[in-house]
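Participant: Questions regarding the structure given below will be posed in turn.
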Amino acid sequence: MPINKRESLLFTFIMCFCMVLWMSIYNVALQHGAINGEVVAAAWLGFPVAYIFAMCCDWFVASPLAKGFAFKYLSRRARARRLP
């Protein structure tokens, strides 16, 4: 897992790129009924907008919520405070 902001940003770039690309290909393939070069080309056209949207959602919404939940409920220090 990422340790600092730079690693976190790089991890987010890579994960969003892979996830958005493959989900775009999958969605277009469902519409066309098969996976071929035409499907990949059509998915690649819609990729930039979806990628920017996914990065913004991940960086500004999902990541802060996940970190807040993890550090509040799942960290060792938080569990130690709740023990009697």
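In the structure tokens, chains take letters A, B, ... by order of appearance, with residues numbered from 1 within each chain and ligands from 1 in the order shown.
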Extract, using only C-alpha atoms, all DNA, RNA and protein residues at most 10 Å from A:Ser63, discarding same-chain residues fewer than 5 positions from it, and format them as a PDB file with C-alpha atoms, in the first residue's frame.
Facilitator:
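In the end it all went to part-v2.pdb:
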```pdb
ATOM      1  CA  SER A   8      -0.680   7.223  -3.354  1.00  0.00           C
ATOM      2  CA  THR A  12      -4.386   5.841  -7.970  1.00  0.00           C
ATOM      3  CA  CYS A  57     -14.153  10.656  -7.656  1.00  0.00           C
ATOM      4  CA  ASP A  58     -11.394   8.449  -6.289  1.00  0.00           C
ATOM      5  CA  GLY A  68     -11.391   7.844   7.509  1.00  0.00           C
ATOM      6  CA  PHE A  69     -13.228   4.569   7.997  1.00  0.00           C
TER       7      PHE A  69
END
```
Participant: What lies within 10 Å of stretch 30-47 of chain A using only C-alpha atoms, ignoring chain neighbours under 6 positions off, as a PyMOL selection string?
Facilitator: chain A and resi 17+20-24+53
Participant: Output the selection as a PDB file, in the first residue's frame - N, CA, C and O atoms for each residue.
Facilitator:
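Dumped everything to result-v1.pdb:
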```pdb
ATOM      1  N   PHE A  17      -6.549   3.740 -14.226  1.00  0.00           N
ATOM      2  CA  PHE A  17      -6.319   3.463 -15.636  1.00  0.00           C
ATOM      3  C   PHE A  17      -6.774   2.050 -15.985  1.00  0.00           C
ATOM      4  O   PHE A  17      -7.552   1.850 -16.920  1.00  0.00           O
ATOM      5  N   VAL A  20     -10.780   1.596 -15.339  1.00  0.00           N
ATOM      6  CA  VAL A  20     -11.633   2.306 -16.286  1.00  0.00           C
ATOM      7  C   VAL A  20     -11.486   1.725 -17.690  1.00  0.00           C
ATOM      8  O   VAL A  20     -12.483   1.547 -18.395  1.00  0.00           O
ATOM      9  N   LEU A  21     -10.272   1.398 -18.093  1.00  0.00           N
ATOM     10  CA  LEU A  21     -10.069   0.833 -19.430  1.00  0.00           C
ATOM     11  C   LEU A  21     -10.807  -0.496 -19.581  1.00  0.00           C
ATOM     12  O   LEU A  21     -11.564  -0.690 -20.533  1.00  0.00           O
ATOM     13  N   TRP A  22     -10.610  -1.403 -18.643  1.00  0.00           N
ATOM     14  CA  TRP A  22     -11.241  -2.720 -18.779  1.00  0.00           C
ATOM     15  C   TRP A  22     -12.752  -2.669 -18.610  1.00  0.00           C
ATOM     16  O   TRP A  22     -13.483  -3.396 -19.287  1.00  0.00           O
ATOM     17  N   MET A  23     -13.240  -1.792 -17.743  1.00  0.00           N
ATOM     18  CA  MET A  23     -14.691  -1.673 -17.601  1.00  0.00           C
ATOM     19  C   MET A  23     -15.307  -1.004 -18.824  1.00  0.00           C
ATOM     20  O   MET A  23     -16.426  -1.340 -19.218  1.00  0.00           O
ATOM     21  N   SER A  24     -14.588  -0.090 -19.464  1.00  0.00           N
ATOM     22  CA  SER A  24     -15.081   0.514 -20.702  1.00  0.00           C
ATOM     23  C   SER A  24     -15.158  -0.534 -21.804  1.00  0.00           C
ATOM     24  O   SER A  24     -16.157  -0.611 -22.533  1.00  0.00           O
ATOM     25  N   PHE A  53     -13.110  11.515 -14.760  1.00  0.00           N
ATOM     26  CA  PHE A  53     -14.191  11.442 -13.781  1.00  0.00           C
ATOM     27  C   PHE A  53     -13.851  10.459 -12.658  1.00  0.00           C
ATOM     28  O   PHE A  53     -14.043  10.755 -11.473  1.00  0.00           O
TER      29      PHE A  53
END
```
Participant: To one decimal in Å, tell me the separation between atom CA of A:Tyr26 and atom CA of A:Ile52.
Facilitator: 18.4 Å
Participant: How far is it from atom CA of A:Ala29 to atom CA of A:Phe11, in Å with one decimal?
Facilitator: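 Distance reported for this atom pair: 26.9 Å.
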Participant: Go through chain A and collect every residue that DSSP, computed from the backbone, puts in alpha helix (DSSP H); the answer should be as a PDB file with N, CA, C and O atoms, in the first residue's frame.
Facilitator:
```pdb
ATOM      1  N   LYS A   5       2.217  10.662  -0.204  1.00  0.00           N
ATOM      2  CA  LYS A   5       1.288  11.226  -1.197  1.00  0.00           C
ATOM      3  C   LYS A   5       1.686  10.858  -2.626  1.00  0.00           C
ATOM      4  O   LYS A   5       0.839  10.582  -3.460  1.00  0.00           O
ATOM      5  N   ARG A   6       2.990  10.863  -2.915  1.00  0.00           N
ATOM      6  CA  ARG A   6       3.443  10.558  -4.267  1.00  0.00           C
ATOM      7  C   ARG A   6       3.107   9.123  -4.646  1.00  0.00           C
ATOM      8  O   ARG A   6       2.605   8.854  -5.742  1.00  0.00           O
ATOM      9  N   GLU A   7       3.363   8.189  -3.758  1.00  0.00           N
ATOM     10  CA  GLU A   7       3.027   6.792  -4.013  1.00  0.00           C
ATOM     11  C   GLU A   7       1.519   6.607  -4.125  1.00  0.00           C
ATOM     12  O   GLU A   7       1.043   5.831  -4.948  1.00  0.00           O
ATOM     13  N   SER A   8       0.776   7.314  -3.313  1.00  0.00           N
ATOM     14  CA  SER A   8      -0.680   7.223  -3.354  1.00  0.00           C
ATOM     15  C   SER A   8      -1.226   7.724  -4.687  1.00  0.00           C
ATOM     16  O   SER A   8      -2.123   7.111  -5.273  1.00  0.00           O
ATOM     17  N   LEU A   9      -0.671   8.824  -5.183  1.00  0.00           N
ATOM     18  CA  LEU A   9      -1.104   9.363  -6.462  1.00  0.00           C
ATOM     19  C   LEU A   9      -0.757   8.405  -7.609  1.00  0.00           C
ATOM     20  O   LEU A   9      -1.594   8.139  -8.481  1.00  0.00           O
ATOM     21  N   LEU A  10       0.443   7.854  -7.595  1.00  0.00           N
ATOM     22  CA  LEU A  10       0.848   6.901  -8.631  1.00  0.00           C
ATOM     23  C   LEU A  10      -0.020   5.645  -8.591  1.00  0.00           C
ATOM     24  O   LEU A  10      -0.469   5.155  -9.632  1.00  0.00           O
ATOM     25  N   PHE A  11      -0.274   5.130  -7.409  1.00  0.00           N
ATOM     26  CA  PHE A  11      -1.142   3.964  -7.240  1.00  0.00           C
ATOM     27  C   PHE A  11      -2.544   4.262  -7.777  1.00  0.00           C
ATOM     28  O   PHE A  11      -3.141   3.438  -8.478  1.00  0.00           O
ATOM     29  N   THR A  12      -3.061   5.442  -7.491  1.00  0.00           N
ATOM     30  CA  THR A  12      -4.386   5.841  -7.970  1.00  0.00           C
ATOM     31  C   THR A  12      -4.411   5.946  -9.488  1.00  0.00           C
ATOM     32  O   THR A  12      -5.360   5.480 -10.127  1.00  0.00           O
ATOM     33  N   PHE A  13      -3.372   6.543 -10.082  1.00  0.00           N
ATOM     34  CA  PHE A  13      -3.297   6.627 -11.546  1.00  0.00           C
ATOM     35  C   PHE A  13      -3.347   5.246 -12.185  1.00  0.00           C
ATOM     36  O   PHE A  13      -4.103   5.009 -13.124  1.00  0.00           O
ATOM     37  N   ILE A  14      -2.526   4.343 -11.683  1.00  0.00           N
ATOM     38  CA  ILE A  14      -2.443   3.005 -12.273  1.00  0.00           C
ATOM     39  C   ILE A  14      -3.737   2.230 -12.080  1.00  0.00           C
ATOM     40  O   ILE A  14      -4.255   1.615 -13.022  1.00  0.00           O
ATOM     41  N   MET A  15      -4.284   2.252 -10.882  1.00  0.00           N
ATOM     42  CA  MET A  15      -5.504   1.491 -10.608  1.00  0.00           C
ATOM     43  C   MET A  15      -6.690   2.045 -11.399  1.00  0.00           C
ATOM     44  O   MET A  15      -7.483   1.278 -11.953  1.00  0.00           O
ATOM     45  N   CYS A  16      -6.835   3.361 -11.460  1.00  0.00           N
ATOM     46  CA  CYS A  16      -7.934   3.944 -12.230  1.00  0.00           C
ATOM     47  C   CYS A  16      -7.780   3.659 -13.711  1.00  0.00           C
ATOM     48  O   CYS A  16      -8.767   3.365 -14.392  1.00  0.00           O
ATOM     49  N   PHE A  17      -6.549   3.740 -14.226  1.00  0.00           N
ATOM     50  CA  PHE A  17      -6.319   3.463 -15.636  1.00  0.00           C
ATOM     51  C   PHE A  17      -6.774   2.050 -15.985  1.00  0.00           C
ATOM     52  O   PHE A  17      -7.552   1.850 -16.920  1.00  0.00           O
ATOM     53  N   CYS A  18      -6.301   1.073 -15.223  1.00  0.00           N
ATOM     54  CA  CYS A  18      -6.665  -0.324 -15.504  1.00  0.00           C
ATOM     55  C   CYS A  18      -8.163  -0.564 -15.339  1.00  0.00           C
ATOM     56  O   CYS A  18      -8.804  -1.174 -16.202  1.00  0.00           O
ATOM     57  N   MET A  19      -8.724  -0.075 -14.255  1.00  0.00           N
ATOM     58  CA  MET A  19     -10.134  -0.319 -13.976  1.00  0.00           C
ATOM     59  C   MET A  19     -11.037   0.334 -15.022  1.00  0.00           C
ATOM     60  O   MET A  19     -11.947  -0.312 -15.557  1.00  0.00           O
ATOM     61  N   VAL A  20     -10.780   1.596 -15.339  1.00  0.00           N
ATOM     62  CA  VAL A  20     -11.633   2.306 -16.286  1.00  0.00           C
ATOM     63  C   VAL A  20     -11.486   1.725 -17.690  1.00  0.00           C
ATOM     64  O   VAL A  20     -12.483   1.547 -18.395  1.00  0.00           O
ATOM     65  N   LEU A  21     -10.272   1.398 -18.093  1.00  0.00           N
ATOM     66  CA  LEU A  21     -10.069   0.833 -19.430  1.00  0.00           C
ATOM     67  C   LEU A  21     -10.807  -0.496 -19.581  1.00  0.00           C
ATOM     68  O   LEU A  21     -11.564  -0.690 -20.533  1.00  0.00           O
ATOM     69  N   TRP A  22     -10.610  -1.403 -18.643  1.00  0.00           N
ATOM     70  CA  TRP A  22     -11.241  -2.720 -18.779  1.00  0.00           C
ATOM     71  C   TRP A  22     -12.752  -2.669 -18.610  1.00  0.00           C
ATOM     72  O   TRP A  22     -13.483  -3.396 -19.287  1.00  0.00           O
ATOM     73  N   MET A  23     -13.240  -1.792 -17.743  1.00  0.00           N
ATOM     74  CA  MET A  23     -14.691  -1.673 -17.601  1.00  0.00           C
ATOM     75  C   MET A  23     -15.307  -1.004 -18.824  1.00  0.00           C
ATOM     76  O   MET A  23     -16.426  -1.340 -19.218  1.00  0.00           O
ATOM     77  N   SER A  24     -14.588  -0.090 -19.464  1.00  0.00           N
ATOM     78  CA  SER A  24     -15.081   0.514 -20.702  1.00  0.00           C
ATOM     79  C   SER A  24     -15.158  -0.534 -21.804  1.00  0.00           C
ATOM     80  O   SER A  24     -16.157  -0.611 -22.533  1.00  0.00           O
ATOM     81  N   ILE A  25     -14.112  -1.330 -21.932  1.00  0.00           N
ATOM     82  CA  ILE A  25     -14.118  -2.400 -22.932  1.00  0.00           C
ATOM     83  C   ILE A  25     -15.244  -3.381 -22.656  1.00  0.00           C
ATOM     84  O   ILE A  25     -15.967  -3.793 -23.566  1.00  0.00           O
ATOM     85  N   TYR A  26     -15.424  -3.741 -21.395  1.00  0.00           N
ATOM     86  CA  TYR A  26     -16.481  -4.686 -21.018  1.00  0.00           C
ATOM     87  C   TYR A  26     -17.866  -4.129 -21.364  1.00  0.00           C
ATOM     88  O   TYR A  26     -18.699  -4.837 -21.932  1.00  0.00           O
ATOM     89  N   ASN A  27     -18.114  -2.878 -21.038  1.00  0.00           N
ATOM     90  CA  ASN A  27     -19.429  -2.287 -21.310  1.00  0.00           C
ATOM     91  C   ASN A  27     -19.718  -2.189 -22.806  1.00  0.00           C
ATOM     92  O   ASN A  27     -20.832  -2.485 -23.249  1.00  0.00           O
ATOM     93  N   VAL A  28     -18.726  -1.784 -23.581  1.00  0.00           N
ATOM     94  CA  VAL A  28     -18.926  -1.699 -25.024  1.00  0.00           C
ATOM     95  C   VAL A  28     -19.090  -3.101 -25.611  1.00  0.00           C
ATOM     96  O   VAL A  28     -19.904  -3.317 -26.510  1.00  0.00           O
ATOM     97  N   ALA A  29     -18.350  -4.074 -25.090  1.00  0.00           N
ATOM     98  CA  ALA A  29     -18.483  -5.452 -25.571  1.00  0.00           C
ATOM     99  C   ALA A  29     -19.873  -6.010 -25.272  1.00  0.00           C
ATOM    100  O   ALA A  29     -20.423  -6.777 -26.073  1.00  0.00           O
ATOM    101  N   LEU A  30     -20.439  -5.631 -24.148  1.00  0.00           N
ATOM    102  CA  LEU A  30     -21.807  -6.074 -23.843  1.00  0.00           C
ATOM    103  C   LEU A  30     -22.800  -5.511 -24.852  1.00  0.00           C
ATOM    104  O   LEU A  30     -23.754  -6.192 -25.244  1.00  0.00           O
ATOM    105  N   GLN A  31     -22.587  -4.284 -25.284  1.00  0.00           N
ATOM    106  CA  GLN A  31     -23.475  -3.672 -26.274  1.00  0.00           C
ATOM    107  C   GLN A  31     -23.308  -4.303 -27.653  1.00  0.00           C
ATOM    108  O   GLN A  31     -24.279  -4.493 -28.371  1.00  0.00           O
ATOM    109  N   HIS A  32     -22.070  -4.637 -28.020  1.00  0.00           N
ATOM    110  CA  HIS A  32     -21.797  -5.192 -29.350  1.00  0.00           C
ATOM    111  C   HIS A  32     -21.944  -6.705 -29.398  1.00  0.00           C
ATOM    112  O   HIS A  32     -22.081  -7.266 -30.477  1.00  0.00           O
ATOM    113  N   GLY A  37     -11.518  -5.710 -32.283  1.00  0.00           N
ATOM    114  CA  GLY A  37     -10.816  -4.438 -32.423  1.00  0.00           C
ATOM    115  C   GLY A  37     -11.735  -3.236 -32.439  1.00  0.00           C
ATOM    116  O   GLY A  37     -11.402  -2.167 -31.920  1.00  0.00           O
ATOM    117  N   GLU A  38     -12.904  -3.398 -33.033  1.00  0.00           N
ATOM    118  CA  GLU A  38     -13.876  -2.306 -33.090  1.00  0.00           C
ATOM    119  C   GLU A  38     -14.361  -1.935 -31.691  1.00  0.00           C
ATOM    120  O   GLU A  38     -14.537  -0.751 -31.367  1.00  0.00           O
ATOM    121  N   VAL A  39     -14.554  -2.923 -30.856  1.00  0.00           N
ATOM    122  CA  VAL A  39     -14.994  -2.689 -29.477  1.00  0.00           C
ATOM    123  C   VAL A  39     -13.913  -1.951 -28.696  1.00  0.00           C
ATOM    124  O   VAL A  39     -14.203  -0.989 -27.964  1.00  0.00           O
ATOM    125  N   VAL A  40     -12.674  -2.381 -28.838  1.00  0.00           N
ATOM    126  CA  VAL A  40     -11.571  -1.726 -28.126  1.00  0.00           C
ATOM    127  C   VAL A  40     -11.424  -0.277 -28.595  1.00  0.00           C
ATOM    128  O   VAL A  40     -11.214   0.629 -27.785  1.00  0.00           O
ATOM    129  N   ALA A  41     -11.558  -0.043 -29.900  1.00  0.00           N
ATOM    130  CA  ALA A  41     -11.466   1.324 -30.430  1.00  0.00           C
ATOM    131  C   ALA A  41     -12.599   2.199 -29.896  1.00  0.00           C
ATOM    132  O   ALA A  41     -12.375   3.361 -29.521  1.00  0.00           O
ATOM    133  N   ALA A  42     -13.801   1.658 -29.846  1.00  0.00           N
ATOM    134  CA  ALA A  42     -14.937   2.429 -29.324  1.00  0.00           C
ATOM    135  C   ALA A  42     -14.767   2.716 -27.833  1.00  0.00           C
ATOM    136  O   ALA A  42     -15.093   3.814 -27.364  1.00  0.00           O
ATOM    137  N   ALA A  43     -14.256   1.750 -27.095  1.00  0.00           N
ATOM    138  CA  ALA A  43     -14.032   1.956 -25.658  1.00  0.00           C
ATOM    139  C   ALA A  43     -12.935   2.986 -25.429  1.00  0.00           C
ATOM    140  O   ALA A  43     -13.016   3.792 -24.498  1.00  0.00           O
ATOM    141  N   TRP A  44     -11.906   2.975 -26.270  1.00  0.00           N
ATOM    142  CA  TRP A  44     -10.791   3.907 -26.127  1.00  0.00           C
ATOM    143  C   TRP A  44     -11.232   5.350 -26.366  1.00  0.00           C
ATOM    144  O   TRP A  44     -10.686   6.278 -25.781  1.00  0.00           O
ATOM    145  N   LEU A  45     -12.243   5.551 -27.208  1.00  0.00           N
ATOM    146  CA  LEU A  45     -12.738   6.902 -27.470  1.00  0.00           C
ATOM    147  C   LEU A  45     -13.407   7.514 -26.248  1.00  0.00           C
ATOM    148  O   LEU A  45     -13.279   8.717 -25.998  1.00  0.00           O
ATOM    149  N   GLY A  46     -14.132   6.725 -25.490  1.00  0.00           N
ATOM    150  CA  GLY A  46     -14.798   7.232 -24.296  1.00  0.00           C
ATOM    151  C   GLY A  46     -13.931   7.192 -23.059  1.00  0.00           C
ATOM    152  O   GLY A  46     -14.317   7.692 -22.000  1.00  0.00           O
ATOM    153  N   PHE A  47     -12.754   6.632 -23.185  1.00  0.00           N
ATOM    154  CA  PHE A  47     -11.875   6.441 -22.029  1.00  0.00           C
ATOM    155  C   PHE A  47     -11.424   7.735 -21.344  1.00  0.00           C
ATOM    156  O   PHE A  47     -11.474   7.814 -20.115  1.00  0.00           O
ATOM    157  N   PRO A  48     -10.959   8.769 -22.071  1.00  0.00           N
ATOM    158  CA  PRO A  48     -10.426   9.956 -21.376  1.00  0.00           C
ATOM    159  C   PRO A  48     -11.429  10.624 -20.429  1.00  0.00           C
ATOM    160  O   PRO A  48     -11.074  10.992 -19.307  1.00  0.00           O
ATOM    161  N   VAL A  49     -12.658  10.773 -20.848  1.00  0.00           N
ATOM    162  CA  VAL A  49     -13.665  11.413 -20.000  1.00  0.00           C
ATOM    163  C   VAL A  49     -13.948  10.548 -18.772  1.00  0.00           C
ATOM    164  O   VAL A  49     -14.012  11.055 -17.642  1.00  0.00           O
ATOM    165  N   ALA A  50     -14.102   9.264 -18.980  1.00  0.00           N
ATOM    166  CA  ALA A  50     -14.370   8.353 -17.867  1.00  0.00           C
ATOM    167  C   ALA A  50     -13.186   8.308 -16.906  1.00  0.00           C
ATOM    168  O   ALA A  50     -13.368   8.244 -15.684  1.00  0.00           O
ATOM    169  N   TYR A  51     -11.971   8.364 -17.440  1.00  0.00           N
ATOM    170  CA  TYR A  51     -10.767   8.318 -16.600  1.00  0.00           C
ATOM    171  C   TYR A  51     -10.666   9.558 -15.720  1.00  0.00           C
ATOM    172  O   TYR A  51     -10.385   9.459 -14.524  1.00  0.00           O
ATOM    173  N   ILE A  52     -10.897  10.722 -16.293  1.00  0.00           N
ATOM    174  CA  ILE A  52     -10.841  11.957 -15.502  1.00  0.00           C
ATOM    175  C   ILE A  52     -11.914  11.957 -14.418  1.00  0.00           C
ATOM    176  O   ILE A  52     -11.655  12.322 -13.264  1.00  0.00           O
ATOM    177  N   PHE A  53     -13.110  11.515 -14.760  1.00  0.00           N
ATOM    178  CA  PHE A  53     -14.191  11.442 -13.781  1.00  0.00           C
ATOM    179  C   PHE A  53     -13.851  10.459 -12.658  1.00  0.00           C
ATOM    180  O   PHE A  53     -14.043  10.755 -11.473  1.00  0.00           O
ATOM    181  N   ALA A  54     -13.320   9.297 -13.023  1.00  0.00           N
ATOM    182  CA  ALA A  54     -12.961   8.283 -12.017  1.00  0.00           C
ATOM    183  C   ALA A  54     -11.835   8.774 -11.111  1.00  0.00           C
ATOM    184  O   ALA A  54     -11.858   8.538  -9.900  1.00  0.00           O
ATOM    185  N   MET A  55     -10.843   9.458 -11.685  1.00  0.00           N
ATOM    186  CA  MET A  55      -9.747   9.985 -10.865  1.00  0.00           C
ATOM    187  C   MET A  55     -10.255  11.013  -9.861  1.00  0.00           C
ATOM    188  O   MET A  55      -9.867  10.989  -8.693  1.00  0.00           O
ATOM    189  N   CYS A  56     -11.119  11.904 -10.311  1.00  0.00           N
ATOM    190  CA  CYS A  56     -11.664  12.926  -9.404  1.00  0.00           C
ATOM    191  C   CYS A  56     -12.497  12.283  -8.304  1.00  0.00           C
ATOM    192  O   CYS A  56     -12.374  12.645  -7.131  1.00  0.00           O
ATOM    193  N   CYS A  57     -13.334  11.339  -8.666  1.00  0.00           N
ATOM    194  CA  CYS A  57     -14.153  10.656  -7.656  1.00  0.00           C
ATOM    195  C   CYS A  57     -13.286   9.889  -6.665  1.00  0.00           C
ATOM    196  O   CYS A  57     -13.531   9.918  -5.462  1.00  0.00           O
ATOM    197  N   SER A  63     -11.370   7.999  -1.623  1.00  0.00           N
ATOM    198  CA  SER A  63     -10.158   7.837  -0.825  1.00  0.00           C
ATOM    199  C   SER A  63     -10.282   8.447   0.578  1.00  0.00           C
ATOM    200  O   SER A  63      -9.952   7.790   1.564  1.00  0.00           O
ATOM    201  N   PRO A  64     -10.760   9.688   0.717  1.00  0.00           N
ATOM    202  CA  PRO A  64     -10.912  10.226   2.069  1.00  0.00           C
ATOM    203  C   PRO A  64     -11.906   9.430   2.928  1.00  0.00           C
ATOM    204  O   PRO A  64     -11.683   9.240   4.126  1.00  0.00           O
ATOM    205  N   LEU A  65     -12.994   8.960   2.311  1.00  0.00           N
ATOM    206  CA  LEU A  65     -13.959   8.164   3.070  1.00  0.00           C
ATOM    207  C   LEU A  65     -13.358   6.840   3.518  1.00  0.00           C
ATOM    208  O   LEU A  65     -13.543   6.416   4.669  1.00  0.00           O
ATOM    209  N   ALA A  66     -12.643   6.174   2.627  1.00  0.00           N
ATOM    210  CA  ALA A  66     -12.036   4.889   2.972  1.00  0.00           C
ATOM    211  C   ALA A  66     -10.962   5.053   4.041  1.00  0.00           C
ATOM    212  O   ALA A  66     -10.898   4.260   4.996  1.00  0.00           O
ATOM    213  N   LYS A  67     -10.128   6.067   3.917  1.00  0.00           N
ATOM    214  CA  LYS A  67      -9.088   6.303   4.919  1.00  0.00           C
ATOM    215  C   LYS A  67      -9.701   6.660   6.267  1.00  0.00           C
ATOM    216  O   LYS A  67      -9.240   6.195   7.309  1.00  0.00           O
ATOM    217  N   GLY A  68     -10.726   7.492   6.250  1.00  0.00           N
ATOM    218  CA  GLY A  68     -11.391   7.844   7.509  1.00  0.00           C
ATOM    219  C   GLY A  68     -11.992   6.640   8.198  1.00  0.00           C
ATOM    220  O   GLY A  68     -11.846   6.470   9.408  1.00  0.00           O
ATOM    221  N   PHE A  69     -12.647   5.781   7.427  1.00  0.00           N
ATOM    222  CA  PHE A  69     -13.228   4.569   7.997  1.00  0.00           C
ATOM    223  C   PHE A  69     -12.146   3.643   8.533  1.00  0.00           C
ATOM    224  O   PHE A  69     -12.248   3.121   9.644  1.00  0.00           O
ATOM    225  N   ARG A  76      -5.160  -0.395  14.856  1.00  0.00           N
ATOM    226  CA  ARG A  76      -4.883  -1.042  16.151  1.00  0.00           C
ATOM    227  C   ARG A  76      -5.158  -0.093  17.313  1.00  0.00           C
ATOM    228  O   ARG A  76      -5.655  -0.508  18.342  1.00  0.00           O
ATOM    229  N   ARG A  77      -4.816   1.170  17.128  1.00  0.00           N
ATOM    230  CA  ARG A  77      -5.030   2.141  18.194  1.00  0.00           C
ATOM    231  C   ARG A  77      -6.521   2.297  18.499  1.00  0.00           C
ATOM    232  O   ARG A  77      -6.927   2.385  19.642  1.00  0.00           O
ATOM    233  N   ALA A  78      -7.356   2.312  17.457  1.00  0.00           N
ATOM    234  CA  ALA A  78      -8.799   2.459  17.658  1.00  0.00           C
ATOM    235  C   ALA A  78      -9.366   1.222  18.348  1.00  0.00           C
ATOM    236  O   ALA A  78     -10.225   1.329  19.213  1.00  0.00           O
ATOM    237  N   ARG A  79      -8.879   0.046  17.977  1.00  0.00           N
ATOM    238  CA  ARG A  79      -9.350  -1.178  18.630  1.00  0.00           C
ATOM    239  C   ARG A  79      -8.907  -1.235  20.077  1.00  0.00           C
ATOM    240  O   ARG A  79      -9.618  -1.712  20.939  1.00  0.00           O
ATOM    241  N   ALA A  80      -7.698  -0.737  20.356  1.00  0.00           N
ATOM    242  CA  ALA A  80      -7.200  -0.747  21.732  1.00  0.00           C
ATOM    243  C   ALA A  80      -8.025   0.167  22.624  1.00  0.00           C
ATOM    244  O   ALA A  80      -8.237  -0.143  23.807  1.00  0.00           O
ATOM    245  N   ARG A  81      -8.520   1.275  22.109  1.00  0.00           N
ATOM    246  CA  ARG A  81      -9.324   2.193  22.909  1.00  0.00           C
ATOM    247  C   ARG A  81     -10.679   1.585  23.261  1.00  0.00           C
ATOM    248  O   ARG A  81     -11.251   1.906  24.280  1.00  0.00           O
ATOM    249  N   ARG A  82     -11.205   0.735  22.396  1.00  0.00           N
ATOM    250  CA  ARG A  82     -12.541   0.167  22.647  1.00  0.00           C
ATOM    251  C   ARG A  82     -12.512  -1.029  23.591  1.00  0.00           C
ATOM    252  O   ARG A  82     -13.542  -1.454  24.078  1.00  0.00           O
TER     253      ARG A  82
END
```
